[in-house]
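Structure first, then comments.
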Amino acid sequence: VYPFGVPGQGRFWFMWEVLSHGAIGAVVRADTRRLGNCFASVDYFEQHGVPFVVAVNCFDDAPRYAEDDVQAALDLDPGVPVLHCDARRRDSVKNVLIALVRHVISQNAADDAVTGAVR
């Protein structure tokens, strides 16, 4: 696992292609105070076929919403995992990475079932 953080501002988008080349999965960090900022990331990974999970940052002053509400607000496919995460807590971040790996494995298994591929 090689985690890279890429700012969502347009001036950094050239880095997305470089860093996502060969990626098997991604984490989209979401801030409920600025949820609209996630749409570019979600669109990018959907368009490039990169499985991803959404990690909702748990800031002290941010409103808390249920995962289903965040999933609906971001118009995510039903299979995209949404988790709450406190980036200051190692176990919380670890759980996000585990969820990502599980999601990637399930996506690959589903793709293999459709194509008949054997890994």
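Labels for the structure tokens follow display order: chains A, B, ..., residues from 1 in each chain, ligands from 1.
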- With a distance cut-off of 6 Å and only C-alpha atoms, select the neighbouring residues of range 58-68 of chain A, excluding the residue or stretch itself and same-chain residues fewer than 5 positions from it, and output the selection as a PyMOL selection string. chain A and resi 33+82+85-86
With N, CA and C atoms retained, could you export that selection as a short mmCIF file (atom, residue, chain, number, x, y, z; two decimals), in the first residue's frame?
```cif
data_model
loop_
_atom_site.label_atom_id
_atom_site.label_comp_id
_atom_site.auth_asym_id
_atom_site.auth_seq_id
_atom_site.Cartn_x
_atom_site.Cartn_y
_atom_site.Cartn_z
N ARG A 33 -18.49 19.42 5.77
CA ARG A 33 -18.68 20.87 5.67
C ARG A 33 -18.51 21.36 4.24
N VAL A 82 -18.86 3.66 2.27
CA VAL A 82 -18.68 4.96 2.92
C VAL A 82 -18.44 4.67 4.39
N CYS A 85 -14.20 8.29 9.49
CA CYS A 85 -12.77 8.13 9.78
C CYS A 85 -12.26 9.35 10.54
N ASP A 86 -11.50 9.07 11.57
CA ASP A 86 -10.77 10.12 12.26
C ASP A 86 -9.31 9.96 11.86
#
```
- Item | Test item, strand (DSSP E) assignment across range 61-115 of chain A, answer as JSON, numbers by chain | {"A": [82, 83, 84, 85]}
- Item | Best match for closeness to Phe39 in chain A among A:Leu19, A:Val101, A:Gln71, A:Gly79, counting only C-alpha atoms | A:Gln71
- Message: One decimal, in Å: what's the spacing between CA of Ile24 in chain A and CA of Leu97 in chain A?
- Response: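 Computed distance, CA of Ile24 in chain A to CA of Leu97 in chain A, equals 12.2 Å.
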- Message: Please determine, counting only C-alpha atoms, which residue among A:His103, A:Trp16, A:Ala72, A:Thr32 has the shortest atom-to-atom distance to Pro51 in chain A.
- Response: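 Nearest candidate to Pro51 in chain A out of A:His103, A:Trp16, A:Ala72, A:Thr32: A:His103.
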Extract, using only C-alpha atoms, all DNA, RNA and protein residues at most 12 Å from Arg34 in chain A, discarding same-chain residues fewer than 2 positions from it, and format them as an mmCIF file with N, CA, C and O atoms, in the first residue's frame.
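Output saved as result.cif:
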```
data_model
loop_
_atom_site.group_PDB
_atom_site.id
_atom_site.type_symbol
_atom_site.label_atom_id
_atom_site.label_comp_id
_atom_site.auth_asym_id
_atom_site.auth_seq_id
_atom_site.Cartn_x
_atom_site.Cartn_y
_atom_site.Cartn_z
ATOM 1 N N GLY A 8 -7.474 18.450 -4.132
ATOM 2 C CA GLY A 8 -8.540 18.416 -5.116
ATOM 3 C C GLY A 8 -8.603 19.620 -6.041
ATOM 4 O O GLY A 8 -9.351 19.615 -7.008
ATOM 5 N N ARG A 29 -11.363 11.246 0.551
ATOM 6 C CA ARG A 29 -11.638 11.818 1.876
ATOM 7 C C ARG A 29 -12.691 12.892 1.729
ATOM 8 O O ARG A 29 -12.580 13.779 0.886
ATOM 9 N N ALA A 30 -13.702 12.799 2.566
ATOM 10 C CA ALA A 30 -14.822 13.731 2.490
ATOM 11 C C ALA A 30 -14.937 14.538 3.774
ATOM 12 O O ALA A 30 -14.768 14.006 4.865
ATOM 13 N N ASP A 31 -15.211 15.795 3.613
ATOM 14 C CA ASP A 31 -15.465 16.706 4.728
ATOM 15 C C ASP A 31 -16.917 17.137 4.586
ATOM 16 O O ASP A 31 -17.287 17.747 3.580
ATOM 17 N N THR A 32 -17.761 16.807 5.561
ATOM 18 C CA THR A 32 -19.191 17.111 5.439
ATOM 19 C C THR A 32 -19.474 18.605 5.397
ATOM 20 O O THR A 32 -20.549 19.013 4.980
ATOM 21 N N GLY A 36 -19.394 19.004 -1.457
ATOM 22 C CA GLY A 36 -19.345 19.248 -2.898
ATOM 23 C C GLY A 36 -17.952 19.156 -3.485
ATOM 24 O O GLY A 36 -17.784 18.889 -4.677
ATOM 25 N N ASN A 37 -16.926 19.335 -2.650
ATOM 26 C CA ASN A 37 -15.546 19.244 -3.134
ATOM 27 C C ASN A 37 -15.165 17.818 -3.528
ATOM 28 O O ASN A 37 -14.133 17.615 -4.164
ATOM 29 N N CYS A 38 -15.973 16.840 -3.159
ATOM 30 C CA CYS A 38 -15.658 15.432 -3.459
ATOM 31 C C CYS A 38 -16.073 15.018 -4.858
ATOM 32 O O CYS A 38 -15.604 13.990 -5.357
ATOM 33 N N PHE A 39 -16.954 15.756 -5.488
ATOM 34 C CA PHE A 39 -17.501 15.315 -6.770
ATOM 35 C C PHE A 39 -16.425 15.101 -7.831
ATOM 36 O O PHE A 39 -16.486 14.138 -8.592
ATOM 37 N N VAL A 56 -15.260 9.569 5.402
ATOM 38 C CA VAL A 56 -15.810 10.831 5.894
ATOM 39 C C VAL A 56 -15.012 11.241 7.127
ATOM 40 O O VAL A 56 -15.023 10.547 8.147
ATOM 41 N N ASN A 57 -14.290 12.353 7.015
ATOM 42 C CA ASN A 57 -13.485 12.847 8.130
ATOM 43 C C ASN A 57 -14.386 13.258 9.284
ATOM 44 O O ASN A 57 -15.389 13.944 9.078
ATOM 45 N N PHE A 59 -14.413 15.574 11.913
ATOM 46 C CA PHE A 59 -13.900 16.775 12.554
ATOM 47 C C PHE A 59 -14.815 17.136 13.713
ATOM 48 O O PHE A 59 -16.030 16.909 13.649
ATOM 49 N N ALA A 62 -17.627 19.454 12.578
ATOM 50 C CA ALA A 62 -18.354 19.097 11.351
ATOM 51 C C ALA A 62 -19.622 18.326 11.703
ATOM 52 O O ALA A 62 -19.630 17.523 12.631
ATOM 53 N N PRO A 63 -20.696 18.579 10.960
ATOM 54 C CA PRO A 63 -21.916 17.800 11.202
ATOM 55 C C PRO A 63 -21.685 16.326 10.867
ATOM 56 O O PRO A 63 -20.924 16.003 9.952
ATOM 57 N N VAL A 70 -24.573 10.213 3.252
ATOM 58 C CA VAL A 70 -23.413 10.695 2.488
ATOM 59 C C VAL A 70 -23.391 10.030 1.121
ATOM 60 O O VAL A 70 -23.156 10.683 0.103
ATOM 61 N N ALA A 73 -25.978 11.736 -0.960
ATOM 62 C CA ALA A 73 -25.589 13.111 -1.289
ATOM 63 C C ALA A 73 -24.528 13.140 -2.382
ATOM 64 O O ALA A 73 -24.528 14.047 -3.220
ATOM 65 N N LEU A 74 -23.635 12.141 -2.390
ATOM 66 C CA LEU A 74 -22.583 12.083 -3.416
ATOM 67 C C LEU A 74 -23.027 11.293 -4.640
ATOM 68 O O LEU A 74 -22.257 11.149 -5.591
#
```
- Query: With only C-alpha atoms as the basis for distance, which of A:Ser92, A:Ser41, A:Gln47, A:Ser106 is at the shortest distance from Gly5 in chain A?
  - Reply: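 Among the listed residues, the smallest separation from Gly5 in chain A belongs to A:Ser41.
If you look at CA of His84 in chain A and CA of Phe14 in chain A, they are 28.4 Å away from each other.
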- Shell of 7 Å around Gly25 in chain A, only C-alpha atoms, local chain residues under 4 positions omitted, as a PyMOL selection string: chain A and resi 50-52+100+104
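From CA of Arg89 in chain A back to CA of Val42 in chain A, the distance works out to 24.2 Å.
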